[in-house]
file structure-v5.txt (compact mmCIF, C-alpha atoms)
# COMPACT_ATOMS: atom_id res chain seq x y z
CA MET H 1 -59.79 -56.67 -29.79
CA ARG H 2 -61.13 -54.17 -27.29
CA VAL H 3 -58.46 -54.24 -24.57
CA ALA H 4 -58.76 -52.86 -21.03
CA LEU H 5 -55.58 -52.47 -18.97
CA HIS H 6 -55.37 -51.97 -15.21
CA THR H 7 -52.07 -50.92 -13.59
CA LEU H 8 -51.00 -51.29 -9.98
CA GLY H 9 -47.78 -50.10 -8.38
CA CYS H 10 -44.82 -47.93 -9.25
CA LYS H 11 -43.89 -45.59 -12.10
CA VAL H 12 -42.01 -48.41 -13.82
CA ASN H 13 -45.25 -50.40 -14.00
CA GLN H 14 -47.04 -47.31 -15.28
CA TYR H 15 -44.38 -46.87 -17.96
CA GLU H 16 -44.59 -50.51 -19.03
CA SER H 17 -48.39 -50.32 -19.19
CA GLN H 18 -48.21 -47.22 -21.36
CA ALA H 19 -45.76 -49.04 -23.63
CA MET H 20 -48.13 -52.00 -23.93
CA GLU H 21 -50.96 -49.59 -24.75
CA GLU H 22 -48.91 -48.07 -27.56
CA ILE H 23 -47.97 -51.50 -28.93
CA LEU H 24 -51.59 -52.67 -28.84
CA LEU H 25 -52.79 -49.54 -30.64
CA ALA H 26 -50.09 -49.94 -33.28
CA ARG H 27 -51.29 -53.51 -33.87
CA GLY H 28 -54.84 -52.34 -34.53
CA HIS H 29 -56.48 -53.02 -31.19
CA THR H 30 -58.77 -50.59 -29.35
CA LEU H 31 -58.33 -49.45 -25.76
CA VAL H 32 -61.31 -49.16 -23.42
CA PRO H 33 -61.54 -48.25 -19.72
CA PHE H 34 -61.10 -51.14 -17.30
CA HIS H 35 -64.58 -50.70 -15.84
CA GLN H 36 -66.19 -51.29 -19.23
CA GLU H 37 -66.84 -54.50 -21.13
CA ALA H 38 -63.85 -55.62 -23.20
CA ASP H 39 -62.63 -58.58 -25.23
CA CYS H 40 -59.45 -58.76 -23.18
CA TYR H 41 -58.41 -57.52 -19.72
CA ILE H 42 -54.76 -57.08 -18.73
CA ILE H 43 -53.83 -56.62 -15.07
CA ASN H 44 -50.28 -55.32 -14.64
CA SER H 45 -49.71 -56.23 -11.01
CA CYS H 46 -47.58 -55.14 -8.07
CA THR H 47 -46.26 -57.19 -5.15
CA VAL H 48 -44.47 -54.63 -2.99
CA THR H 49 -46.94 -55.24 -0.13
CA ALA H 50 -49.57 -57.80 0.82
CA VAL H 51 -52.18 -55.16 0.02
CA SER H 52 -50.77 -54.94 -3.52
CA ASP H 53 -51.18 -58.70 -3.94
CA LYS H 54 -54.78 -58.46 -2.72
CA LYS H 55 -55.58 -55.63 -5.14
CA SER H 56 -54.12 -57.65 -8.03
CA ARG H 57 -56.34 -60.63 -7.20
CA GLN H 58 -59.38 -58.37 -6.82
CA ALA H 59 -58.76 -56.82 -10.25
CA VAL H 60 -58.64 -60.29 -11.84
CA ARG H 61 -61.92 -61.27 -10.21
CA GLN H 62 -63.58 -58.00 -11.25
CA ALA H 63 -62.56 -58.52 -14.87
CA ARG H 64 -63.78 -62.13 -14.94
CA LYS H 65 -67.10 -61.16 -13.36
CA ARG H 66 -67.59 -58.23 -15.76
CA ALA H 67 -67.09 -60.29 -18.91
CA PRO H 68 -66.96 -64.06 -18.20
CA GLU H 69 -66.16 -65.00 -21.82
CA SER H 70 -63.36 -62.47 -22.31
CA LEU H 71 -59.64 -63.15 -22.08
CA VAL H 72 -58.06 -62.22 -18.74
CA ALA H 73 -54.28 -61.85 -18.56
CA LEU H 74 -52.15 -61.21 -15.47
CA CYS H 75 -48.58 -59.93 -15.63
CA GLY H 76 -46.11 -58.02 -13.48
CA CYS H 77 -44.33 -58.62 -10.21
CA TYR H 78 -47.06 -60.53 -8.34
CA PRO H 79 -47.10 -63.65 -10.55
CA GLN H 80 -43.32 -63.40 -10.96
CA VAL H 81 -42.76 -64.12 -7.24
CA SER H 82 -46.02 -65.97 -6.48
CA PRO H 83 -46.73 -68.15 -9.54
CA GLU H 84 -48.62 -70.80 -7.56
CA GLN H 85 -51.01 -68.21 -6.15
CA ALA H 86 -51.48 -66.78 -9.64
CA LYS H 87 -52.35 -70.23 -11.01
CA GLU H 88 -55.27 -70.42 -8.57
CA LEU H 89 -56.89 -67.40 -10.25
CA ASP H 90 -59.22 -67.75 -13.21
CA VAL H 91 -56.94 -66.27 -15.88
CA ASP H 92 -56.05 -67.26 -19.43
CA LEU H 93 -52.47 -65.99 -19.49
CA ILE H 94 -49.89 -65.46 -16.76
CA GLY H 95 -46.80 -63.43 -17.54
CA GLY H 96 -44.08 -62.02 -15.30
CA SER H 97 -42.20 -58.77 -14.95
CA GLY H 98 -40.20 -59.12 -18.16
CA ASP H 99 -40.60 -59.70 -21.91
CA ARG H 100 -43.66 -57.51 -22.45
CA MET H 101 -43.45 -57.98 -26.22
CA GLY H 102 -43.55 -61.77 -25.88
CA PHE H 103 -46.44 -61.47 -23.44
CA LEU H 104 -48.50 -59.48 -25.96
CA ASP H 105 -47.60 -61.89 -28.75
CA LEU H 106 -48.93 -64.77 -26.66
CA LEU H 107 -52.05 -62.82 -25.75
CA GLU H 108 -52.92 -62.31 -29.42
CA SER H 109 -52.47 -66.01 -30.16
CA LEU H 110 -54.68 -67.32 -27.34
CA SER H 111 -57.79 -69.23 -28.32
CA GLY H 112 -59.00 -70.01 -24.80
CA GLY H 113 -58.99 -73.23 -22.81
CA GLY H 114 -56.65 -73.56 -19.80
CA THR H 115 -54.05 -71.20 -18.47
CA THR H 116 -50.93 -70.37 -20.45
CA MET H 117 -47.83 -69.63 -18.36
CA ALA H 118 -45.07 -67.34 -19.63
CA LEU H 119 -42.63 -66.88 -16.75
CA ASP H 120 -38.85 -66.68 -16.86
CA GLU H 121 -36.21 -66.73 -14.14
CA ALA H 122 -35.72 -63.10 -13.12
CA PHE H 123 -32.15 -63.60 -11.89
CA HIS H 124 -31.07 -64.84 -15.34
CA ARG H 125 -32.01 -61.59 -17.08
CA ARG H 126 -29.09 -59.69 -18.58
CA ALA H 127 -30.60 -57.55 -21.38
CA PHE H 128 -32.62 -54.37 -20.95
CA GLU H 129 -35.96 -54.67 -22.77
CA GLU H 130 -36.43 -51.46 -24.73
CA LEU H 131 -40.10 -50.50 -25.05
CA PRO H 132 -41.82 -47.56 -26.76
CA PRO H 133 -41.45 -44.48 -24.52
CA GLY H 134 -44.17 -42.00 -23.73
CA GLY H 135 -47.89 -42.33 -23.24
CA LEU H 136 -51.20 -41.82 -24.92
CA GLU H 137 -52.18 -38.76 -26.93
CA GLY H 138 -53.17 -35.76 -24.86
CA ARG H 139 -50.81 -36.35 -21.96
CA THR H 140 -48.34 -33.66 -21.01
CA ARG H 141 -45.88 -35.79 -19.07
CA ALA H 142 -44.05 -38.77 -20.53
CA MET H 143 -42.08 -41.45 -18.72
CA LEU H 144 -38.88 -43.06 -19.87
CA LYS H 145 -37.63 -46.20 -18.14
CA VAL H 146 -33.85 -46.17 -18.24
CA GLN H 147 -33.06 -48.87 -15.67
CA ASP H 148 -34.48 -52.14 -14.39
CA GLY H 149 -33.59 -54.56 -11.62
CA CYS H 150 -32.06 -54.19 -8.15
CA THR H 151 -29.36 -55.99 -6.20
CA ASN H 152 -29.58 -54.11 -2.88
CA PHE H 153 -31.57 -56.87 -1.14
CA CYS H 154 -32.94 -54.76 1.67
CA ALA H 155 -34.30 -57.01 4.41
CA TYR H 156 -37.95 -56.17 3.80
CA CYS H 157 -38.04 -55.94 -0.01
CA ILE H 158 -39.27 -58.58 -2.47
CA ILE H 159 -38.54 -56.53 -5.60
CA PRO H 160 -35.01 -57.89 -6.37
CA TYR H 161 -36.61 -61.34 -6.60
CA ALA H 162 -39.29 -59.98 -8.94
CA ARG H 163 -37.08 -57.86 -11.20
CA GLY H 164 -33.66 -59.52 -11.25
CA PRO H 165 -30.24 -57.89 -11.68
CA VAL H 166 -29.47 -54.36 -12.84
CA ARG H 167 -29.96 -53.62 -16.56
CA SER H 168 -29.65 -50.18 -18.12
CA LEU H 169 -30.75 -48.48 -21.31
CA PRO H 170 -27.61 -47.34 -23.18
CA LEU H 171 -27.06 -43.60 -22.86
CA ASP H 172 -27.35 -42.89 -26.58
CA ARG H 173 -30.66 -44.78 -26.73
CA ALA H 174 -31.97 -42.83 -23.73
CA VAL H 175 -31.07 -39.55 -25.46
CA ALA H 176 -32.72 -40.67 -28.70
CA ALA H 177 -35.91 -41.70 -26.86
CA ALA H 178 -36.05 -38.37 -25.03
CA ARG H 179 -35.69 -36.44 -28.30
CA SER H 180 -38.50 -38.46 -29.89
CA LEU H 181 -40.79 -37.56 -26.99
CA GLU H 182 -39.92 -33.86 -27.31
CA GLU H 183 -40.78 -34.05 -31.02
CA LYS H 184 -44.18 -35.54 -30.12
CA GLY H 185 -45.00 -32.47 -28.05
CA TYR H 186 -44.51 -33.68 -24.50
CA ARG H 187 -43.46 -30.89 -22.15
CA GLU H 188 -42.10 -32.97 -19.27
CA LEU H 189 -40.07 -36.18 -19.09
CA VAL H 190 -39.78 -38.42 -16.02
CA LEU H 191 -36.70 -40.62 -15.86
CA THR H 192 -37.59 -43.75 -13.97
CA GLY H 193 -36.24 -47.14 -12.98
CA ILE H 194 -36.51 -49.79 -10.31
CA GLU H 195 -33.27 -48.49 -8.75
CA LEU H 196 -32.35 -45.42 -10.78
CA CYS H 197 -29.11 -44.87 -8.91
CA SER H 198 -27.75 -48.20 -10.21
CA TYR H 199 -27.98 -46.89 -13.77
CA GLY H 200 -24.95 -47.64 -15.94
CA ARG H 201 -23.08 -50.11 -13.76
CA ASP H 202 -23.76 -52.85 -16.34
CA LEU H 203 -22.84 -50.72 -19.39
CA GLU H 204 -19.52 -50.30 -21.13
CA GLY H 205 -17.72 -47.29 -19.71
CA ARG H 206 -20.02 -47.36 -16.66
CA PRO H 207 -21.84 -44.06 -17.20
CA THR H 208 -23.23 -42.68 -13.95
CA PRO H 209 -26.78 -41.49 -13.21
CA THR H 210 -25.39 -37.95 -13.27
CA ASP H 211 -23.98 -38.53 -16.77
CA LEU H 212 -27.39 -39.79 -17.90
CA ILE H 213 -29.33 -36.86 -16.41
CA GLU H 214 -26.94 -34.31 -17.94
CA ALA H 215 -27.08 -35.92 -21.38
CA VAL H 216 -30.88 -36.09 -21.42
CA CYS H 217 -31.37 -32.54 -20.11
CA TRP H 218 -29.03 -31.01 -22.70
CA ALA H 219 -30.62 -33.11 -25.48
CA VAL H 220 -34.18 -31.86 -24.79
CA PRO H 221 -33.95 -28.19 -23.75
CA GLY H 222 -37.65 -27.69 -24.50
CA MET H 223 -38.77 -30.27 -21.92
CA ARG H 224 -38.76 -30.25 -18.15
CA VAL H 225 -36.90 -33.31 -16.84
CA ARG H 226 -37.98 -34.90 -13.56
CA LEU H 227 -36.25 -37.71 -11.68
CA GLY H 228 -37.64 -40.85 -10.14
CA SER H 229 -36.67 -42.13 -6.70
CA LEU H 230 -33.03 -41.63 -5.67
CA GLU H 231 -30.81 -43.48 -3.21
CA PRO H 232 -29.47 -40.81 -0.82
CA ARG H 233 -25.80 -41.77 -1.29
CA THR H 234 -26.08 -40.68 -4.91
CA VAL H 235 -26.51 -37.09 -3.77
CA THR H 236 -22.96 -35.77 -3.51
CA GLU H 237 -21.50 -32.31 -3.98
CA ASP H 238 -20.49 -33.21 -7.55
CA PHE H 239 -24.01 -34.51 -8.27
CA CYS H 240 -25.58 -31.28 -6.99
CA ARG H 241 -23.10 -28.96 -8.69
CA ARG H 242 -23.54 -30.57 -12.10
CA LEU H 243 -27.32 -30.91 -11.89
CA SER H 244 -27.92 -27.41 -10.55
CA ALA H 245 -26.42 -26.10 -13.82
CA LEU H 246 -29.22 -27.75 -15.84
CA PRO H 247 -31.96 -25.14 -16.42
CA ASN H 248 -34.65 -27.68 -17.34
CA LEU H 249 -34.10 -30.13 -14.46
CA CYS H 250 -36.99 -30.00 -11.99
CA PRO H 251 -35.73 -29.36 -8.44
CA HIS H 252 -37.82 -32.19 -7.04
CA PHE H 253 -35.95 -35.04 -5.38
CA HIS H 254 -37.54 -38.18 -3.97
CA LEU H 255 -34.94 -39.50 -1.53
CA SER H 256 -35.68 -43.03 -0.36
CA MET H 257 -35.47 -43.06 3.46
CA GLN H 258 -37.67 -45.79 5.07
CA SER H 259 -36.61 -44.91 8.64
CA GLY H 260 -35.07 -42.04 10.57
CA CYS H 261 -33.49 -44.29 13.18
CA ASP H 262 -30.02 -45.77 12.69
CA GLU H 263 -30.81 -49.00 14.55
CA THR H 264 -33.86 -49.60 12.38
CA LEU H 265 -31.96 -48.75 9.19
CA ALA H 266 -29.30 -51.31 10.14
CA ARG H 267 -31.92 -54.05 10.60
CA MET H 268 -33.45 -53.05 7.27
CA ARG H 269 -29.99 -53.51 5.67
CA ARG H 270 -30.10 -50.02 4.20
CA LYS H 271 -26.69 -48.80 3.07
CA TYR H 272 -26.67 -45.39 4.79
CA ASP H 273 -27.38 -43.91 8.20
CA THR H 274 -29.28 -40.78 9.20
CA GLN H 275 -26.13 -38.64 9.17
CA ARG H 276 -25.48 -39.49 5.51
CA TYR H 277 -29.14 -39.04 4.65
CA PHE H 278 -29.29 -35.59 6.24
CA GLN H 279 -26.10 -34.65 4.38
CA SER H 280 -27.98 -35.31 1.13
CA VAL H 281 -30.91 -33.15 2.25
CA THR H 282 -28.52 -30.34 3.20
CA LEU H 283 -26.65 -30.49 -0.11
CA LEU H 284 -29.87 -30.31 -2.12
CA ARG H 285 -31.00 -27.21 -0.24
CA GLN H 286 -27.56 -25.68 -0.63
CA PHE H 287 -27.48 -26.02 -4.42
CA PHE H 288 -31.18 -25.72 -5.35
CA ASP H 289 -33.62 -22.93 -4.53
CA GLN H 290 -36.42 -24.26 -2.31
CA PRO H 291 -36.41 -27.78 -3.78
CA GLY H 292 -39.24 -30.21 -3.22
CA ILE H 293 -37.79 -33.09 -1.17
CA THR H 294 -40.10 -36.08 -0.74
CA THR H 295 -39.61 -39.52 0.75
CA ASP H 296 -41.06 -42.88 1.80
CA MET H 297 -41.22 -44.17 5.37
CA ILE H 298 -41.97 -47.65 6.71
CA VAL H 299 -43.37 -47.88 10.23
CA GLY H 300 -43.56 -50.97 12.41
CA PHE H 301 -40.52 -52.75 10.98
CA PRO H 302 -39.65 -55.84 13.08
CA GLY H 303 -38.02 -54.76 16.32
CA GLU H 304 -39.02 -51.11 16.01
CA THR H 305 -39.58 -49.84 19.55
CA GLN H 306 -41.61 -46.82 20.52
CA GLU H 307 -38.35 -45.00 21.22
CA GLU H 308 -37.03 -45.82 17.75
CA PHE H 309 -40.27 -44.59 16.21
CA GLN H 310 -40.04 -41.31 18.14
CA THR H 311 -36.47 -40.93 16.90
CA THR H 312 -37.77 -41.29 13.34
CA LEU H 313 -40.44 -38.63 13.93
CA GLU H 314 -37.82 -36.22 15.24
CA PHE H 315 -35.64 -36.91 12.21
CA ILE H 316 -38.36 -36.26 9.62
CA ARG H 317 -39.23 -32.97 11.33
CA ARG H 318 -35.59 -32.03 10.99
CA CYS H 319 -35.63 -32.89 7.28
CA ALA H 320 -38.85 -30.87 6.72
CA PHE H 321 -40.07 -32.87 3.74
CA SER H 322 -42.48 -31.33 1.26
CA HIS H 323 -44.42 -34.60 1.01
CA MET H 324 -44.20 -38.14 2.37
CA HIS H 325 -45.62 -41.60 1.65
CA ILE H 326 -45.97 -43.55 4.91
CA PHE H 327 -46.57 -47.31 4.91
CA PRO H 328 -46.99 -49.92 7.63
CA TYR H 329 -44.41 -52.68 7.27
CA SER H 330 -45.76 -55.55 5.15
CA ARG H 331 -44.41 -59.04 5.82
CA ARG H 332 -43.20 -60.59 2.53
CA GLN H 333 -42.41 -64.29 2.58
CA GLY H 334 -38.99 -64.98 1.12
CA THR H 335 -37.38 -61.86 2.57
CA PRO H 336 -35.11 -61.87 5.66
CA ALA H 337 -37.43 -59.55 7.60
CA ALA H 338 -40.31 -62.04 7.37
CA SER H 339 -38.57 -64.35 9.86
CA MET H 340 -37.16 -61.66 12.14
CA PRO H 341 -38.21 -61.72 15.81
CA ASP H 342 -40.28 -59.00 17.48
CA GLN H 343 -42.82 -58.53 14.69
CA VAL H 344 -44.85 -55.41 15.48
CA PRO H 345 -48.63 -55.94 15.97
CA ASN H 346 -50.90 -54.52 13.26
CA VAL H 347 -52.69 -52.24 15.73
CA VAL H 348 -49.36 -50.63 16.66
CA LYS H 349 -48.39 -50.25 13.01
CA ALA H 350 -51.72 -48.55 12.30
CA GLN H 351 -51.25 -46.11 15.19
CA ARG H 352 -47.72 -45.23 14.09
CA THR H 353 -48.88 -44.76 10.50
CA HIS H 354 -51.48 -42.29 11.77
CA GLU H 355 -48.96 -40.40 13.94
CA GLY H 356 -46.44 -40.23 11.10
CA ALA H 357 -49.10 -38.97 8.70
CA GLN H 358 -50.00 -36.14 11.08
CA VAL H 359 -46.38 -34.97 11.20
CA ALA H 360 -46.08 -35.30 7.42
CA GLU H 361 -49.25 -33.28 6.83
CA ALA H 362 -47.99 -30.47 9.06
CA MET H 363 -44.69 -30.34 7.15
CA GLN H 364 -46.52 -30.33 3.81
CA ARG H 365 -48.79 -27.47 4.91
CA ALA H 366 -45.79 -25.41 6.03
CA TRP H 367 -43.98 -26.05 2.74
CA LEU H 368 -46.98 -25.16 0.61
CA THR H 369 -47.66 -22.02 2.64
CA SER H 370 -44.10 -20.86 1.99
CA TRP H 371 -45.04 -20.39 -1.70
CA VAL H 372 -47.87 -17.92 -1.09
CA GLY H 373 -47.09 -14.57 -2.70
CA LYS H 374 -44.45 -16.01 -5.02
CA THR H 375 -44.63 -16.41 -8.80
CA ILE H 376 -43.63 -19.78 -10.21
CA PRO H 377 -44.09 -21.68 -13.50
CA ALA H 378 -46.61 -24.50 -13.69
CA LEU H 379 -47.23 -27.05 -16.44
CA PHE H 380 -50.98 -27.58 -16.79
CA GLU H 381 -52.46 -30.99 -17.55
CA GLU H 382 -56.22 -31.16 -17.06
CA GLU H 383 -59.37 -29.33 -15.99
CA LYS H 384 -61.21 -30.80 -13.03
CA ASP H 385 -63.86 -29.47 -10.65
CA GLY H 386 -63.73 -26.02 -12.24
CA PHE H 387 -59.95 -25.58 -11.98
CA TRP H 388 -57.08 -26.18 -14.36
CA ARG H 389 -54.50 -28.30 -12.55
CA GLY H 390 -50.79 -28.35 -13.15
CA TYR H 391 -47.49 -28.89 -11.38
CA THR H 392 -44.61 -26.66 -10.43
CA PRO H 393 -41.03 -27.83 -11.02
CA GLN H 394 -40.97 -28.77 -7.31
CA TYR H 395 -44.02 -31.02 -7.90
CA ALA H 396 -46.58 -28.97 -6.01
CA GLU H 397 -50.03 -29.12 -7.57
CA VAL H 398 -51.37 -25.71 -8.66
CA ARG H 399 -55.02 -24.90 -9.39
CA VAL H 400 -56.13 -21.85 -11.36
CA LYS H 401 -59.17 -20.55 -13.19
CA GLY H 402 -58.66 -20.33 -16.94
CA THR H 403 -59.49 -21.72 -20.35
CA ASP H 404 -57.64 -24.22 -22.54
CA LEU H 405 -54.42 -24.45 -20.51
CA HIS H 406 -53.71 -28.06 -21.45
CA ASN H 407 -49.99 -28.74 -22.02
CA THR H 408 -49.03 -25.09 -21.48
CA LEU H 409 -46.33 -23.79 -19.17
CA ARG H 410 -47.53 -20.59 -17.49
CA GLU H 411 -46.29 -18.28 -14.75
CA VAL H 412 -48.62 -18.33 -11.74
CA THR H 413 -48.76 -16.05 -8.73
CA ILE H 414 -49.66 -18.16 -5.70
CA THR H 415 -52.51 -16.67 -3.68
CA ALA H 416 -53.37 -19.47 -1.25
CA ALA H 417 -52.28 -22.88 -0.02
CA GLY H 418 -54.73 -25.67 0.68
CA GLY H 419 -54.22 -29.00 2.34
CA ASP H 420 -53.35 -30.71 -0.93
CA GLY H 421 -51.97 -28.00 -3.19
CA LEU H 422 -51.64 -24.37 -4.22
CA TYR H 423 -54.10 -21.90 -5.70
CA GLY H 424 -53.12 -18.96 -7.87
CA THR H 425 -53.73 -16.68 -10.82
CA ILE H 426 -52.11 -16.70 -14.24
CA VAL H 427 -49.66 -13.83 -14.71
call {"tool": "encode", "arguments": {"input": "structure-v5.txt", "output": "structure tokens"}}
result
Amino acid sequence: MRVALHTLGCKVNQYESQAMEEILLARGHTLVPFHQEADCYIINSCTVTAVSDKKSRQAVRQARKRAPESLVALCGCYPQVSPEQAKELDVDLIGGSGDRMGFLDLLESLSGGGTTMALDEAFHRRAFEELPPGGLEGRTRAMLKVQDGCTNFCAYCIIPYARGPVRSLPLDRAVAAARSLEEKGYRELVLTGIELCSYGRDLEGRPTPTDLIEAVCWAVPGMRVRLGSLEPRTVTEDFCRRLSALPNLCPHFHLSMQSGCDETLARMRRKYDTQRYFQSVTLLRQFFDQPGITTDMIVGFPGETQEEFQTTLEFIRRCAFSHMHIFPYSRRQGTPAASMPDQVPNVVKAQRTHEGAQVAEAMQRAWLTSWVGKTIPALFEEEKDGFWRGYTPQYAEVRVKGTDLHNTLREVTITAAGGDGLYGTIV
């Protein structure tokens, strides 16, 4: 079959889509872009916000309109938590957020006629589903999912209901997968998971995330290793001391924040306060040279006053992030926050999103400008709009003039900083 796959959501979804692509290719199928005509369309959905749900439904409708006689399959977190809504869509196969191999087996066996459901109970999952790591030919950066599931149950988050309990890839299997990716020629590896900091708590011997990162970095000295999102309490002095000794670990840390106000964090049921969060930021800057520190922020959480929002703005200025993702709170039925009093009006959420973005952009400009005149390595991925584009270890995008830089690691002297990245010349 000619198969087109569309992915929404996080790096874990991206990893699982890449794995499905590799499995489909190995089985003799052909991949085509989602906007083209295909025999089968797969939508790997997200449900983290109401907007994500809407985009998933739109992708299904686009596929059905493009090729009415083709198979359309929907999988991922959206149908896992909203199966009745998924049934209302014109799809041939509905899968969830687990058992990707079984989902593809079913897809190949479909003959049309009605909707086939393939959903399990997420909370009953106990085994980590190991999928082929990596990506398609020509990519420089590979992803390796080492953890799945979450049991934090933050007040606003639907993901524990979509992904189930914590499951981890055994450390020796993670090392073996990383080595196989290095042998394939990938130059950078991203370790990812739904809640990476929970890694190992379900495994014999309870290896820690730090143990995992050390083992992978030492196993693949020829690859840069980058981390997915981290819970701030994971960043301790021991964590920083051990990781700062790894020469191939990228000093880029995405520390999940959500709010810079202690009262809001308490209502969110986050397990840290701003003092502990700032301690993590301080430790990272103490042990790493000019690290990239990025975060997520939710504005307009139920009960958030203007004073609480201003407290958050003051806190993020203090942290001086290199980049931020800012989202208006999205009400998710089935979560505690959905029934909380003092829901913030959409117009207020939109205004606060705009104000937060202005502060974030100013911080990003200052951080990028600080690199002008310095020489730093960049791993180049693609040529676009006349520039070769790559990323520094700190995850700043670099643009240079050159020829055939794909998958090469080159020293670059930074000559200018733009609103969205750096410009430089190859040394």
call {"tool": "residues_around", "arguments": {"input": "structure-v5.txt", "residues": "H:Glu188", "least_positions_apart": "2", "cutoff": "7 Å", "atoms": "only C-alpha atoms", "output": "tab-separated table (two decimals) with C-alpha atoms, keeping the file's coordinate frame"}}
result
chain	number	residue	atom	x	y	z
H	140	THR	CA	-48.34	-33.66	-21.01
H	141	ARG	CA	-45.88	-35.79	-19.07
H	142	ALA	CA	-44.05	-38.77	-20.53
H	186	TYR	CA	-44.51	-33.68	-24.50
H	190	VAL	CA	-39.78	-38.42	-16.02
H	223	MET	CA	-38.77	-30.27	-21.92
H	224	ARG	CA	-38.76	-30.25	-18.15
H	225	VAL	CA	-36.90	-33.31	-16.84
call {"tool": "closest_residue", "arguments": {"input": "structure-v5.txt", "among": "H:Leu119, H:Ala320, H:Ala176, H:Ile42", "to": "H:Arg64", "atoms": "only C-alpha atoms"}}
result
H:Ile42
call {"tool": "closest_residue", "arguments": {"input": "structure-v5.txt", "among": "H:Tyr41, H:Phe301, H:Phe309, H:Phe123", "to": "H:Val91", "atoms": "only C-alpha atoms"}}
result
H:Tyr41
call {"tool": "atom_distance", "arguments": {"input": "structure-v5.txt", "atom1": "atom CA of H:Thr369", "atom2": "atom CA of H:Arg399"}}
result
14.4 Å
call {"tool": "atom_distance", "arguments": {"input": "structure-v5.txt", "atom1": "atom CA of H:Arg2", "atom2": "atom CA of H:Cys40"}}
result
6.4 Å
call {"tool": "closest_residue", "arguments": {"input": "structure-v5.txt", "among": "H:Pro207, H:Pro232, H:Pro33, H:Gly185", "to": "H:Arg270", "atoms": "all atoms listed in the file"}}
result
H:Pro232
call {"tool": "residues_around", "arguments": {"input": "structure-v5.txt", "residues": "H:Gly292", "least_positions_apart": "3", "cutoff": "6 Å", "atoms": "all atoms listed in the file", "output": "CSV table (one decimal) with C-alpha atoms, in the frame of the given file"}}
result
chain,number,residue,atom,x,y,z
H,252,HIS,CA,-37.8,-32.2,-7.0
H,322,SER,CA,-42.5,-31.3,1.3
H,394,GLN,CA,-41.0,-28.8,-7.3
call {"tool": "atom_distance", "arguments": {"input": "structure-v5.txt", "atom1": "atom CA of H:Tyr272", "atom2": "atom CA of H:Ala245"}}
result
26.8 Å
call {"tool": "residues_around", "arguments": {"input": "structure-v5.txt", "residues": "stretch 257-262 of chain H", "least_positions_apart": "2", "cutoff": "7 Å", "atoms": "only C-alpha atoms", "output": "MDAnalysis selection string"}}
result
chainID H and resid 255 264:266 273:274 295:298 308 311:312 315:316
call {"tool": "residues_around", "arguments": {"input": "structure-v5.txt", "residues": "H:Gln58", "least_positions_apart": "6", "cutoff": "12 Å", "atoms": "all atoms listed in the file", "output": "PyMOL selection string"}}
result
chain H and resi 6+8+43+45+51-52+64-65+74+86+89-90
call {"tool": "closest_residue", "arguments": {"input": "structure-v5.txt", "among": "H:Gly373, H:Gly402, H:Gly390, H:Gly200", "to": "H:Ile414", "atoms": "only C-alpha atoms"}}
result
H:Gly373
call {"tool": "closest_residue", "arguments": {"input": "structure-v5.txt", "among": "H:Arg201, H:Arg269, H:Arg352, H:His124", "to": "H:Ile326", "atoms": "all atoms listed in the file"}}
result
H:Arg352
call {"tool": "closest_residue", "arguments": {"input": "structure-v5.txt", "among": "H:Gly205, H:Pro377, H:Gly421, H:Gly228", "to": "H:Glu397", "atoms": "only C-alpha atoms"}}
result
H:Gly421
call {"tool": "build_atoms", "arguments": {"input": "structure-v5.txt", "residues": "stretch 354-360 of chain H", "atoms": "N, CA, C and O atoms", "output": "CSV table (one decimal), keeping the file's coordinate frame"}}
result
chain,number,residue,atom,x,y,z
H,354,HIS,N,-50.7,-43.5,11.5
H,354,HIS,CA,-51.5,-42.3,11.8
H,354,HIS,C,-50.6,-41.1,12.3
H,354,HIS,O,-50.7,-40.0,11.9
H,355,GLU,N,-49.8,-41.4,13.3
H,355,GLU,CA,-49.0,-40.4,13.9
H,355,GLU,C,-48.0,-39.8,12.9
H,355,GLU,O,-47.8,-38.6,12.8
H,356,GLY,N,-47.4,-40.7,12.1
H,356,GLY,CA,-46.4,-40.2,11.1
H,356,GLY,C,-47.1,-39.4,10.1
H,356,GLY,O,-46.6,-38.3,9.6
H,357,ALA,N,-48.4,-39.8,9.7
H,357,ALA,CA,-49.1,-39.0,8.7
H,357,ALA,C,-49.4,-37.6,9.2
H,357,ALA,O,-49.4,-36.6,8.5
H,358,GLN,N,-49.7,-37.5,10.5
H,358,GLN,CA,-50.0,-36.1,11.1
H,358,GLN,C,-48.8,-35.2,11.0
H,358,GLN,O,-48.9,-34.0,10.7
H,359,VAL,N,-47.6,-35.8,11.3
H,359,VAL,CA,-46.4,-35.0,11.2
H,359,VAL,C,-46.1,-34.6,9.7
H,359,VAL,O,-45.8,-33.5,9.4
H,360,ALA,N,-46.3,-35.6,8.8
H,360,ALA,CA,-46.1,-35.3,7.4
H,360,ALA,C,-47.0,-34.2,6.9
H,360,ALA,O,-46.6,-33.4,6.1
